[in-house]
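With CSV, C-alpha atoms inside, this is structure-v1.csv:
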```
chain,number,residue,atom,x,y,z
A,41,MET,CA,-32.4,-21.5,-24.5
A,42,ASP,CA,-34.7,-18.7,-25.3
A,43,VAL,CA,-32.3,-17.6,-28.0
A,44,PHE,CA,-32.8,-20.9,-29.7
A,45,SER,CA,-36.5,-20.7,-29.6
A,46,PHE,CA,-36.3,-17.1,-30.8
A,47,LEU,CA,-34.3,-18.3,-33.7
A,48,GLY,CA,-37.1,-20.3,-35.0
A,49,ARG,CA,-37.8,-23.3,-32.8
A,50,THR,CA,-41.4,-24.3,-32.7
A,51,ARG,CA,-43.5,-24.3,-29.6
A,52,GLU,CA,-43.4,-28.1,-29.6
A,53,ASP,CA,-39.6,-28.1,-29.8
A,54,LYS,CA,-39.5,-25.8,-26.9
A,55,ALA,CA,-42.0,-27.9,-24.8
A,56,ARG,CA,-39.9,-31.0,-25.6
A,57,LEU,CA,-36.8,-29.3,-24.5
A,58,GLU,CA,-38.4,-28.3,-21.2
A,59,GLN,CA,-39.5,-31.8,-20.7
A,60,HIS,CA,-35.9,-33.0,-21.3
A,61,ARG,CA,-34.7,-30.4,-18.9
A,62,LEU,CA,-37.0,-31.7,-16.1
A,63,ARG,CA,-36.1,-35.3,-16.7
A,64,LEU,CA,-32.4,-34.5,-16.9
A,65,TYR,CA,-32.7,-32.4,-13.7
A,66,ARG,CA,-34.4,-35.3,-11.9
A,67,ILE,CA,-31.5,-37.6,-12.7
A,68,ALA,CA,-28.9,-34.9,-12.0
A,69,TYR,CA,-30.5,-34.2,-8.7
A,70,ALA,CA,-30.6,-37.9,-7.8
A,71,TRP,CA,-26.8,-38.1,-8.6
A,72,THR,CA,-25.7,-35.0,-6.7
A,73,HIS,CA,-28.5,-34.2,-4.2
A,74,ASN,CA,-27.6,-30.6,-4.8
A,75,ALA,CA,-30.2,-28.5,-6.5
A,76,ALA,CA,-27.9,-25.7,-7.8
A,77,LEU,CA,-25.3,-28.1,-9.0
A,78,ALA,CA,-27.9,-30.3,-10.7
A,79,ASP,CA,-29.2,-27.2,-12.4
A,80,ASP,CA,-25.8,-26.3,-13.6
A,81,LEU,CA,-25.1,-29.8,-14.9
A,82,VAL,CA,-28.4,-29.8,-16.8
A,83,GLN,CA,-27.6,-26.4,-18.3
A,84,GLU,CA,-24.2,-27.6,-19.4
A,85,THR,CA,-25.7,-30.8,-20.8
A,86,LEU,CA,-28.2,-29.0,-22.9
A,87,ALA,CA,-25.6,-26.5,-24.2
A,88,LYS,CA,-23.3,-29.3,-25.2
A,89,ALA,CA,-26.2,-31.2,-26.8
A,90,LEU,CA,-27.0,-28.2,-28.9
A,91,ARG,CA,-23.4,-27.7,-29.9
A,92,LYS,CA,-23.0,-31.4,-30.8
A,93,SER,CA,-26.4,-31.9,-32.3
A,94,SER,CA,-24.8,-32.4,-35.7
A,95,GLN,CA,-23.3,-35.7,-34.3
A,96,LEU,CA,-26.7,-37.1,-33.6
A,97,ARG,CA,-27.8,-39.1,-36.6
A,98,ASP,CA,-30.5,-41.2,-35.1
A,99,PRO,CA,-33.2,-39.0,-33.5
A,100,ASN,CA,-34.6,-41.9,-31.6
A,101,ALA,CA,-31.3,-42.1,-29.7
A,102,GLY,CA,-31.9,-38.6,-28.4
A,103,ASP,CA,-32.8,-39.5,-24.8
A,104,ALA,CA,-30.0,-41.9,-24.2
A,105,TRP,CA,-27.6,-39.5,-25.9
A,106,LEU,CA,-28.6,-36.7,-23.6
A,107,TYR,CA,-28.0,-38.9,-20.5
A,108,SER,CA,-24.6,-39.9,-21.7
A,109,ILE,CA,-23.7,-36.2,-22.1
A,110,LEU,CA,-25.0,-35.6,-18.6
A,111,ALA,CA,-22.9,-38.5,-17.3
A,112,ASN,CA,-19.8,-37.0,-18.9
A,113,CYS,CA,-20.6,-33.5,-17.5
A,114,HIS,CA,-21.1,-35.1,-14.0
A,115,ARG,CA,-17.8,-37.0,-14.3
A,116,ASP,CA,-15.9,-34.0,-15.5
A,117,HIS,CA,-17.3,-31.9,-12.7
A,118,PHE,CA,-16.2,-34.2,-10.0
A,119,ARG,CA,-12.9,-34.8,-11.6
A,120,ARG,CA,-12.3,-31.0,-11.6
A,121,SER,CA,-13.4,-30.4,-8.0
A,122,ARG,CA,-13.1,-33.7,-6.2
A,123,THR,CA,-11.5,-32.2,-3.1
A,124,THR,CA,-13.9,-29.3,-2.7
A,125,GLU,CA,-17.3,-30.7,-3.7
A,126,GLU,CA,-19.4,-32.4,-1.0
A,127,ILE,CA,-22.2,-34.5,-2.2
A,128,ASP,CA,-24.1,-34.3,1.0
A,129,GLU,CA,-25.8,-31.0,1.4
A,130,ASN,CA,-28.8,-29.3,2.9
A,131,THR,CA,-31.8,-31.6,2.3
A,132,ILE,CA,-29.9,-34.8,2.9
A,133,THR,CA,-28.4,-33.9,6.3
A,134,HIS,CA,-31.6,-32.4,7.6
A,135,GLU,CA,-31.5,-32.3,11.3
A,136,SER,CA,-35.1,-33.0,12.1
A,137,THR,CA,-38.2,-34.3,10.5
A,138,PRO,CA,-40.8,-32.0,12.0
A,139,GLU,CA,-44.2,-33.5,12.8
A,140,LYS,CA,-45.8,-31.3,10.2
A,141,GLU,CA,-43.9,-33.0,7.5
A,142,SER,CA,-46.1,-35.6,6.0
A,143,SER,CA,-45.0,-39.2,6.3
A,144,ASP,CA,-44.6,-39.3,2.5
A,145,GLN,CA,-42.1,-36.6,2.7
A,146,GLN,CA,-40.2,-38.5,5.4
A,147,VAL,CA,-40.1,-41.6,3.1
A,148,VAL,CA,-38.9,-39.4,0.3
A,149,LEU,CA,-36.0,-38.0,2.4
A,150,LYS,CA,-35.1,-41.4,3.7
A,151,VAL,CA,-34.9,-42.8,0.2
A,152,ARG,CA,-32.8,-39.9,-1.0
A,153,GLU,CA,-30.5,-40.4,1.9
A,154,ALA,CA,-30.2,-44.1,1.1
A,155,ILE,CA,-29.5,-43.3,-2.6
A,156,ALA,CA,-26.8,-40.8,-1.6
A,157,ARG,CA,-25.1,-43.5,0.4
A,158,LEU,CA,-24.7,-45.8,-2.6
A,159,SER,CA,-21.5,-45.8,-4.5
A,160,GLU,CA,-21.5,-43.5,-7.5
A,161,GLY,CA,-21.7,-46.3,-10.1
A,162,GLN,CA,-24.6,-48.0,-8.3
A,163,ARG,CA,-26.4,-44.7,-7.8
A,164,GLN,CA,-26.2,-43.8,-11.5
A,165,VAL,CA,-27.4,-47.2,-12.6
A,166,VAL,CA,-30.3,-47.5,-10.2
A,167,THR,CA,-31.6,-44.0,-10.9
A,168,LEU,CA,-31.4,-44.3,-14.7
A,169,VAL,CA,-33.2,-47.6,-14.6
A,170,ASP,CA,-35.8,-46.8,-11.9
A,171,ILE,CA,-36.5,-43.1,-12.4
A,172,GLN,CA,-36.0,-42.9,-16.1
A,173,GLY,CA,-37.1,-46.4,-17.0
A,174,LEU,CA,-34.2,-46.9,-19.4
A,175,SER,CA,-33.3,-50.4,-20.6
A,176,TYR,CA,-30.1,-52.1,-19.3
A,177,LEU,CA,-28.6,-51.8,-22.8
A,178,GLU,CA,-29.3,-48.0,-22.9
A,179,VAL,CA,-27.8,-47.6,-19.4
A,180,ALA,CA,-24.7,-49.6,-20.5
A,181,GLN,CA,-24.2,-47.3,-23.5
A,182,ILE,CA,-24.8,-44.1,-21.5
A,183,LEU,CA,-22.3,-45.0,-18.8
A,184,ASN,CA,-20.0,-46.8,-21.2
A,185,VAL,CA,-19.8,-50.0,-19.2
A,186,PRO,CA,-20.6,-53.6,-20.1
A,187,ILE,CA,-24.3,-54.7,-19.7
A,188,GLY,CA,-23.2,-57.3,-17.1
A,189,THR,CA,-21.8,-54.5,-15.0
A,190,VAL,CA,-25.1,-52.6,-15.2
A,191,MET,CA,-26.9,-55.8,-14.0
A,192,SER,CA,-24.6,-56.5,-11.1
A,193,ARG,CA,-24.5,-52.8,-10.0
A,194,LEU,CA,-28.2,-52.6,-10.1
A,195,CYS,CA,-28.5,-55.8,-8.2
A,196,ARG,CA,-26.1,-54.6,-5.5
A,197,ALA,CA,-27.7,-51.2,-5.4
A,198,ARG,CA,-31.2,-52.6,-4.8
A,199,HIS,CA,-29.8,-55.0,-2.2
A,200,ALA,CA,-28.2,-52.1,-0.4
A,201,LEU,CA,-31.3,-50.0,-0.6
A,202,LYS,CA,-33.4,-52.8,0.7
A,203,ASP,CA,-31.0,-53.0,3.7
A,204,LEU,CA,-30.9,-49.2,4.2
A,205,LEU,CA,-34.6,-48.8,3.8
A,206,GLY,CA,-35.7,-52.1,5.2
A,207,ASP,CA,-34.6,-51.1,8.7
A,208,PHE,CA,-36.7,-48.0,8.7
A,209,ALA,CA,-40.2,-49.4,7.9
A,210,PRO,CA,-40.1,-52.5,10.1
A,211,LYS,CA,-38.2,-50.6,12.8
A,212,THR,CA,-41.1,-48.5,13.8
A,213,ALA,CA,-43.2,-51.7,13.8
A,214,ALA,CA,-40.7,-53.3,16.1
A,215,ASP,CA,-40.6,-50.2,18.4
A,216,GLU,CA,-44.3,-50.3,18.6
A,217,SER,CA,-44.4,-53.9,19.6
A,218,LYS,CA,-41.8,-53.2,22.3
A,219,ILE,CA,-44.0,-50.4,23.6
A,220,ARG,CA,-46.9,-52.7,23.6
A,221,ARG,CA,-45.0,-55.3,25.6
A,222,ILE,CA,-44.1,-52.6,28.2
A,223,LYS,CA,-47.7,-51.8,28.5
B,1238,MET,CA,-38.7,-75.2,-4.0
B,1239,SER,CA,-35.5,-73.7,-2.8
B,1240,ASN,CA,-33.6,-75.6,-5.5
B,1241,GLU,CA,-35.8,-74.1,-8.1
B,1242,GLU,CA,-35.4,-70.7,-6.7
B,1243,GLN,CA,-31.6,-70.9,-6.8
B,1244,LYS,CA,-31.8,-71.4,-10.5
B,1245,PHE,CA,-32.7,-67.7,-10.9
B,1246,SER,CA,-29.8,-65.4,-10.1
B,1247,ASP,CA,-30.6,-62.1,-8.4
B,1248,GLU,CA,-29.6,-60.3,-11.6
B,1249,PHE,CA,-32.2,-62.4,-13.5
B,1250,ILE,CA,-34.9,-61.5,-11.0
B,1251,ASN,CA,-34.0,-57.9,-11.2
B,1252,ALA,CA,-34.2,-58.1,-15.0
B,1253,PHE,CA,-37.6,-59.6,-14.6
B,1254,VAL,CA,-38.8,-56.8,-12.4
B,1255,ASP,CA,-37.4,-54.3,-14.9
B,1256,ASP,CA,-39.0,-56.0,-17.9
B,1257,GLN,CA,-35.7,-56.7,-19.5
B,1258,LEU,CA,-36.3,-60.4,-20.2
B,1259,THR,CA,-37.4,-62.1,-23.4
B,1260,PRO,CA,-41.0,-63.5,-23.4
B,1261,GLU,CA,-39.6,-67.0,-23.0
B,1262,GLU,CA,-37.5,-66.0,-20.0
B,1263,LYS,CA,-40.5,-64.2,-18.5
B,1264,ALA,CA,-42.6,-67.3,-18.9
B,1265,GLN,CA,-40.0,-69.3,-17.0
B,1266,VAL,CA,-40.3,-66.9,-14.0
B,1267,TYR,CA,-44.1,-66.9,-14.2
B,1268,ALA,CA,-44.1,-70.7,-14.2
B,1269,ARG,CA,-42.1,-70.7,-10.9
B,1270,LEU,CA,-44.1,-67.9,-9.3
B,1271,SER,CA,-47.1,-70.0,-8.2
B,1272,GLY,CA,-46.5,-71.5,-4.9
B,1273,ASN,CA,-43.1,-70.0,-4.5
B,1274,GLU,CA,-43.5,-67.6,-1.7
B,1275,ALA,CA,-39.8,-66.6,-1.3
B,1276,LEU,CA,-39.6,-65.7,-5.0
B,1277,ASN,CA,-42.9,-63.8,-4.8
B,1278,ARG,CA,-41.6,-61.8,-1.8
B,1279,GLN,CA,-38.3,-61.1,-3.5
B,1280,ILE,CA,-40.0,-59.7,-6.6
B,1281,CYS,CA,-42.4,-57.8,-4.5
B,1282,GLU,CA,-39.6,-56.2,-2.5
B,1283,LEU,CA,-37.7,-55.3,-5.6
B,1284,ARG,CA,-40.8,-53.6,-7.0
B,1285,LYS,CA,-41.2,-51.7,-3.8
B,1286,THR,CA,-37.7,-50.5,-3.8
B,1287,ARG,CA,-38.1,-49.4,-7.4
B,1288,ASP,CA,-41.3,-47.5,-6.6
B,1289,LEU,CA,-39.7,-45.8,-3.6
B,1290,VAL,CA,-36.8,-44.6,-5.8
B,1291,GLN,CA,-39.3,-43.3,-8.3
B,1292,LEU,CA,-41.3,-41.6,-5.6
B,1293,ALA,CA,-38.2,-40.0,-4.0
B,1294,TYR,CA,-37.3,-38.1,-7.2
B,1295,LYS,CA,-40.8,-37.4,-8.6
B,1296,GLU,CA,-40.6,-33.9,-7.4
B,1297,PRO,CA,-37.0,-33.0,-6.8
B,1298,PRO,CA,-36.4,-29.7,-5.0
B,1299,MET,CA,-35.8,-26.9,-7.5
B,1300,PRO,CA,-32.8,-24.7,-7.1
B,1301,THR,CA,-33.5,-21.3,-5.7
B,1302,ARG,CA,-32.1,-19.6,-8.8
B,1303,GLY,CA,-32.6,-20.9,-12.3
B,1304,MET,CA,-35.2,-23.6,-12.4
B,1305,ALA,CA,-37.4,-22.1,-9.6
B,1306,THR,CA,-37.4,-18.8,-11.3
B,1307,LEU,CA,-37.5,-20.4,-14.7
B,1308,SER,CA,-40.8,-18.7,-15.6
B,1309,ALA,CA,-39.5,-15.4,-14.6
B,1310,GLY,CA,-36.2,-16.1,-16.4
B,1311,ARG,CA,-38.1,-17.1,-19.5
B,1312,LYS,CA,-40.0,-13.8,-19.3
B,1313,ILE,CA,-36.8,-11.9,-19.1
B,1314,GLY,CA,-35.4,-14.1,-21.9
B,1315,LEU,CA,-38.5,-13.3,-24.0
B,1316,GLY,CA,-38.1,-9.7,-23.2
B,1317,VAL,CA,-34.4,-9.9,-24.3
B,1318,ALA,CA,-35.4,-11.8,-27.4
B,1319,ALA,CA,-38.1,-9.3,-28.2
B,1320,GLY,CA,-35.6,-6.5,-27.6
B,1321,LEU,CA,-33.1,-8.2,-30.0
B,1322,MET,CA,-35.9,-8.6,-32.5
B,1323,LEU,CA,-36.7,-4.9,-32.3
B,1324,ILE,CA,-33.0,-4.0,-32.7
B,1325,ILE,CA,-32.5,-6.4,-35.6
B,1326,GLY,CA,-35.8,-5.2,-37.1
B,1327,GLY,CA,-34.8,-1.6,-36.6
B,1328,ILE,CA,-31.4,-2.1,-38.2
B,1329,THR,CA,-32.8,-4.1,-41.1
B,1330,GLY,CA,-35.5,-1.5,-41.6
B,1331,TRP,CA,-33.0,1.2,-41.6
B,1332,PHE,CA,-30.9,-0.6,-44.1
B,1333,LEU,CA,-33.9,-1.3,-46.3
B,1334,HIS,CA,-34.7,2.4,-46.3
B,1335,GLN,CA,-31.3,3.2,-47.6
B,1336,PRO,CA,-30.5,2.9,-51.2
B,1337,SER,CA,-29.5,-0.7,-51.8
B,1338,PRO,CA,-25.7,-0.3,-52.3
B,1339,ASN,CA,-25.6,1.3,-48.8
B,1340,GLN,CA,-27.3,-1.7,-47.3
B,1341,ALA,CA,-24.8,-4.0,-49.0
B,1342,THR,CA,-21.9,-1.8,-48.0
B,1343,SER,CA,-22.9,-1.8,-44.4
B,1344,VAL,CA,-23.0,-5.6,-44.2
B,1345,ALA,CA,-19.9,-5.8,-46.3
B,1346,GLN,CA,-18.1,-3.9,-43.6
B,1347,GLN,CA,-18.3,-7.1,-41.6
B,1348,ALA,CA,-15.2,-8.2,-43.4
B,1349,PRO,CA,-12.2,-6.8,-41.8
B,1350,GLY,CA,-9.9,-7.0,-44.8
B,1351,GLU,CA,-9.9,-7.5,-48.5
B,1352,ASP,CA,-8.6,-11.0,-48.3
B,1353,VAL,CA,-10.9,-12.2,-45.6
B,1354,PRO,CA,-14.2,-13.1,-47.2
B,1355,ALA,CA,-17.3,-11.5,-45.7
B,1356,LYS,CA,-19.6,-14.1,-44.3
B,1357,VAL,CA,-23.3,-13.5,-44.1
B,1358,LEU,CA,-26.2,-15.7,-43.3
B,1359,PHE,CA,-29.8,-15.0,-44.0
B,1360,HIS,CA,-32.3,-16.9,-41.8
B,1361,VAL,CA,-35.6,-17.5,-43.5
B,1362,SER,CA,-38.4,-19.0,-41.3
B,1363,ASP,CA,-41.4,-17.2,-42.9
B,1364,GLY,CA,-43.0,-18.8,-45.9
B,1365,HIS,CA,-45.0,-15.9,-47.4
B,1366,ALA,CA,-44.3,-15.3,-51.1
B,1367,ASP,CA,-43.9,-11.6,-50.6
B,1368,HIS,CA,-41.5,-12.1,-47.8
B,1369,LEU,CA,-39.5,-14.7,-49.7
B,1370,LYS,CA,-39.2,-12.2,-52.6
B,1371,ASN,CA,-37.9,-9.5,-50.3
B,1372,VAL,CA,-35.3,-12.0,-49.0
B,1373,LEU,CA,-34.1,-12.9,-52.5
B,1374,ASP,CA,-34.0,-9.3,-53.5
B,1375,ASP,CA,-31.8,-8.5,-50.5
B,1376,VAL,CA,-29.5,-11.5,-51.2
B,1377,GLU,CA,-29.2,-10.6,-54.8
B,1378,GLU,CA,-28.4,-6.9,-54.0
B,1379,LEU,CA,-25.7,-8.1,-51.6
B,1380,MET,CA,-24.2,-10.5,-54.1
B,1381,LYS,CA,-24.1,-7.8,-56.7
B,1382,HIS,CA,-22.4,-5.4,-54.4
B,1383,TYR,CA,-19.7,-7.9,-53.5
B,1384,ARG,CA,-19.1,-8.6,-57.1
B,1385,LEU,CA,-18.9,-4.9,-58.1
B,1386,SER,CA,-16.6,-4.2,-55.2
B,1387,HIS,CA,-14.4,-7.3,-55.9
B,1388,GLN,CA,-14.8,-8.4,-52.4
B,1389,LYS,CA,-14.8,-12.1,-51.5
B,1390,ALA,CA,-17.9,-13.2,-49.8
B,1391,ARG,CA,-19.8,-16.3,-48.7
B,1392,VAL,CA,-23.5,-16.0,-48.2
B,1393,GLU,CA,-25.8,-18.7,-46.9
B,1394,VAL,CA,-29.6,-18.6,-47.0
B,1395,ILE,CA,-30.7,-21.0,-44.2
B,1396,THR,CA,-34.3,-22.0,-44.3
B,1397,ASN,CA,-36.3,-23.8,-41.6
B,1398,GLY,CA,-39.9,-23.9,-40.5
B,1399,GLU,CA,-42.2,-22.4,-43.1
B,1400,GLY,CA,-39.2,-20.8,-44.7
B,1401,LEU,CA,-38.4,-24.2,-46.2
B,1402,SER,CA,-41.0,-23.6,-48.8
B,1403,LEU,CA,-38.6,-21.3,-50.5
B,1404,LEU,CA,-36.5,-24.4,-51.5
B,1405,LEU,CA,-39.2,-27.0,-52.2
B,1406,ALA,CA,-39.5,-28.2,-55.8
B,1407,GLY,CA,-43.0,-27.7,-57.1
B,1408,ILE,CA,-43.9,-25.3,-54.2
B,1409,SER,CA,-41.3,-22.5,-54.3
B,1410,PRO,CA,-42.6,-19.6,-56.3
B,1411,TYR,CA,-39.1,-18.6,-57.1
B,1412,ALA,CA,-37.5,-21.9,-58.2
B,1413,GLU,CA,-36.2,-20.5,-61.5
B,1414,ARG,CA,-34.8,-17.4,-59.9
B,1415,ILE,CA,-33.0,-19.4,-57.2
B,1416,GLN,CA,-31.4,-21.6,-59.9
B,1417,LYS,CA,-30.3,-18.6,-61.8
B,1418,MET,CA,-28.8,-17.1,-58.7
B,1419,GLN,CA,-27.0,-20.3,-57.9
B,1420,LYS,CA,-25.5,-20.3,-61.4
B,1421,GLU,CA,-24.6,-16.7,-61.2
B,1422,TYR,CA,-23.0,-16.6,-57.7
B,1423,HIS,CA,-20.9,-19.6,-56.7
B,1424,ASP,CA,-20.4,-18.3,-53.2
B,1425,LEU,CA,-24.1,-18.3,-52.5
B,1426,THR,CA,-25.6,-21.4,-50.8
B,1427,PHE,CA,-29.2,-22.3,-50.1
B,1428,VAL,CA,-29.5,-24.5,-47.1
B,1429,ALA,CA,-32.5,-26.6,-45.9
B,1430,CYS,CA,-33.1,-27.9,-42.4
B,1431,GLN,CA,-33.4,-31.7,-42.1
B,1432,ASN,CA,-35.4,-31.3,-38.9
B,1433,THR,CA,-38.0,-29.4,-40.7
B,1434,ILE,CA,-38.0,-31.9,-43.6
B,1435,ASP,CA,-38.5,-34.7,-41.0
B,1436,ARG,CA,-41.3,-32.8,-39.3
B,1437,TYR,CA,-43.1,-32.3,-42.6
B,1438,GLN,CA,-42.9,-36.0,-43.1
B,1439,GLN,CA,-44.1,-36.9,-39.6
B,1440,GLU,CA,-46.8,-34.4,-39.2
B,1441,LEU,CA,-48.1,-33.9,-42.7
B,1442,GLY,CA,-47.0,-37.1,-44.3
B,1443,PHE,CA,-45.4,-34.9,-46.9
B,1444,THR,CA,-42.1,-35.9,-48.5
B,1445,ALA,CA,-40.1,-32.8,-49.2
B,1446,LYS,CA,-38.4,-32.5,-52.6
B,1447,LEU,CA,-35.8,-29.9,-52.7
B,1448,LEU,CA,-34.6,-27.8,-55.6
B,1449,PRO,CA,-31.4,-28.9,-57.2
B,1450,GLY,CA,-28.2,-27.7,-55.6
B,1451,VAL,CA,-29.8,-27.1,-52.2
B,1452,VAL,CA,-27.6,-28.2,-49.3
B,1453,VAL,CA,-29.3,-30.1,-46.4
B,1454,ILE,CA,-28.0,-29.7,-42.9
B,1455,ASP,CA,-29.1,-31.5,-39.7
B,1456,SER,CA,-30.8,-28.5,-38.1
B,1457,GLY,CA,-31.2,-24.9,-39.2
B,1458,VAL,CA,-30.9,-23.6,-35.7
B,1459,ALA,CA,-27.7,-25.5,-35.1
B,1460,GLN,CA,-26.3,-24.3,-38.4
B,1461,ILE,CA,-27.0,-20.7,-37.5
B,1462,MET,CA,-25.3,-21.1,-34.1
B,1463,ARG,CA,-22.3,-22.8,-35.8
B,1464,ARG,CA,-22.0,-20.0,-38.3
B,1465,GLN,CA,-22.3,-17.3,-35.6
B,1466,HIS,CA,-19.6,-19.0,-33.7
B,1467,GLN,CA,-17.5,-18.8,-36.8
B,1468,GLY,CA,-18.1,-15.1,-37.0
B,1469,TRP,CA,-20.9,-14.9,-39.6
B,1470,ALA,CA,-23.2,-12.0,-39.7
B,1471,TYR,CA,-26.8,-12.9,-39.0
B,1472,ILE,CA,-29.6,-11.3,-40.9
B,1473,GLN,CA,-33.2,-12.2,-40.2
B,1474,GLY,CA,-34.6,-12.7,-43.7
```

This structure in structure tokens:
Amino acid sequence: MDVFSFLGRTREDKARLEQHRLRLYRIAYAWTHNAALADDLVQETLAKALRKSSQLRDPNAGDAWLYSILANCHRDHFRRSRTTEEIDENTITHESTPEKESSDQQVVLKVREAIARLSEGQRQVVTLVDIQGLSYLEVAQILNVPIGTVMSRLCRARHALKDLLGDFAPKTAADESKIRRIK
Amino acid sequence: MSNEEQKFSDEFINAFVDDQLTPEEKAQVYARLSGNEALNRQICELRKTRDLVQLAYKEPPMPTRGMATLSAGRKIGLGVAAGLMLIIGGITGWFLHQPSPNQATSVAQQAPGEDVPAKVLFHVSDGHADHLKNVLDDVEELMKHYRLSHQKARVEVITNGEGLSLLLAGISPYAERIQKMQKEYHDLTFVACQNTIDRYQQELGFTAKLLPGVVVIDSGVAQIMRRQHQGWAYIQG
């Protein structure tokens, strides 16, 4: 990247690129839950984007375009190494939640775990809509599926998340009430 | 109440939460919201789920290599870039100190054979008149050399950033000279960067008018990378 900035990109261009990088990374991480892999995917995406930048006629389509490249890189990666790559790694299968971890952090890990359990299609849709705030139409174009599919996947994903997460917040409340009854 | 509720599909309610409905459709939902506790709760839960997902990835863990050490990497990158700049500057300076034909010869050696044309790009991103004059002098020297030595050559002058001023009608101090060079050397192309033109328009409200015969490409940087992939020699003009 630095080579490009060195070749005459302005500081604003560079700042924009870094923003793209962080946003892409956030999505890539949500898809893979693997920091190193997400970083690789983002790098590959940006490199492809620069190579193919001549194909991009509408500059406003830039964001969605980048995510569709990311989706392709992601798909290609798992096609290449389907047998060897495990999605669940380190942070997701954490063994304990030490007390010192703030409750916020616990919620975060719980949500990530729930997201990781979704089917790949559902995970992609729900992260693009929720984290990135993209429209259904944009997501449909990025993932190359009909908009109806986006809607149904999103609906099912949120339903599943509600089930997965729903039994963690009220559960503690239920436990508490049990304890109270024992008392 | 439950009958009314059933009229909205889950997808529809999701679309409401994500602000994907038309104003009329939204109005329909709002109209049903009052007094419909189940619908209220459904929307509230969907919003909560969405907020949780946002929260979960607000600060994703950075990889130990790469992102986490990005600032350090960038510094190294800058160092490398600066080093490259020094080398290019040094080489260019060395060439410039040589009598002109030598400079041209050394670049001409890029071409492996007589039939294969030499391919050279000049990158111009500085808009000072003196600087532009030096670039044009270099380009002209090179073209003359190729002509004298009967060597095929393609030369591109790629402008972006402030360097674009070289090719702007009414602004370029060397408009006539460029036109003369274009007539004289058919293998010489002057290239303008569309990104820069767009930026002039957006930031300064200035519509760029280019000199006749100037080729416009999507992005100067992308063009330079493409050319380098194709084996063109790069000269920082």

- Select residues of chain B: the criterion is any atom within 8 Å of an atom of chain A, counting only C-alpha atoms; output as an MDAnalysis selection string. chainID B and resid 1247:1248 1251:1252 1255 1257 1282:1283 1286:1304 1311 1314:1315 1318 1362 1397:1398 1455:1456 1458:1459 1463

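Reported to one decimal place, the separation of atom CA of B:His1423 from atom CA of B:Gln1388 is 13.5 Å.
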
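Polymer residues near (-19.2, -11.6, -46.4): counting all atoms listed in the file with a cut-off of 6 Å, they are Ala1345, Pro1354, Ala1355, Lys1356, Val1357, Ala1390 and Arg1391 of chain B.
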
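Using only C-alpha atoms for every distance, the candidate list A:Ala156, A:Leu204, A:Val179, A:Ile109 yields A:Ala156 as the residue closest to A:Trp71.
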
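Note that the spacing between atom CA of B:Leu1425 and atom CA of B:Val1392 amounts to 4.9 Å.
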
- Would you mind telling me which residue in B:Val1353, B:Ala1406, B:Ile1434, B:Ala1275 lies nearest to B:Lys1446 when using only C-alpha atoms? B:Ala1406

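Atom to atom, atom CA of B:Gln1460 and atom CA of B:Leu1405 stand 19.1 Å apart.
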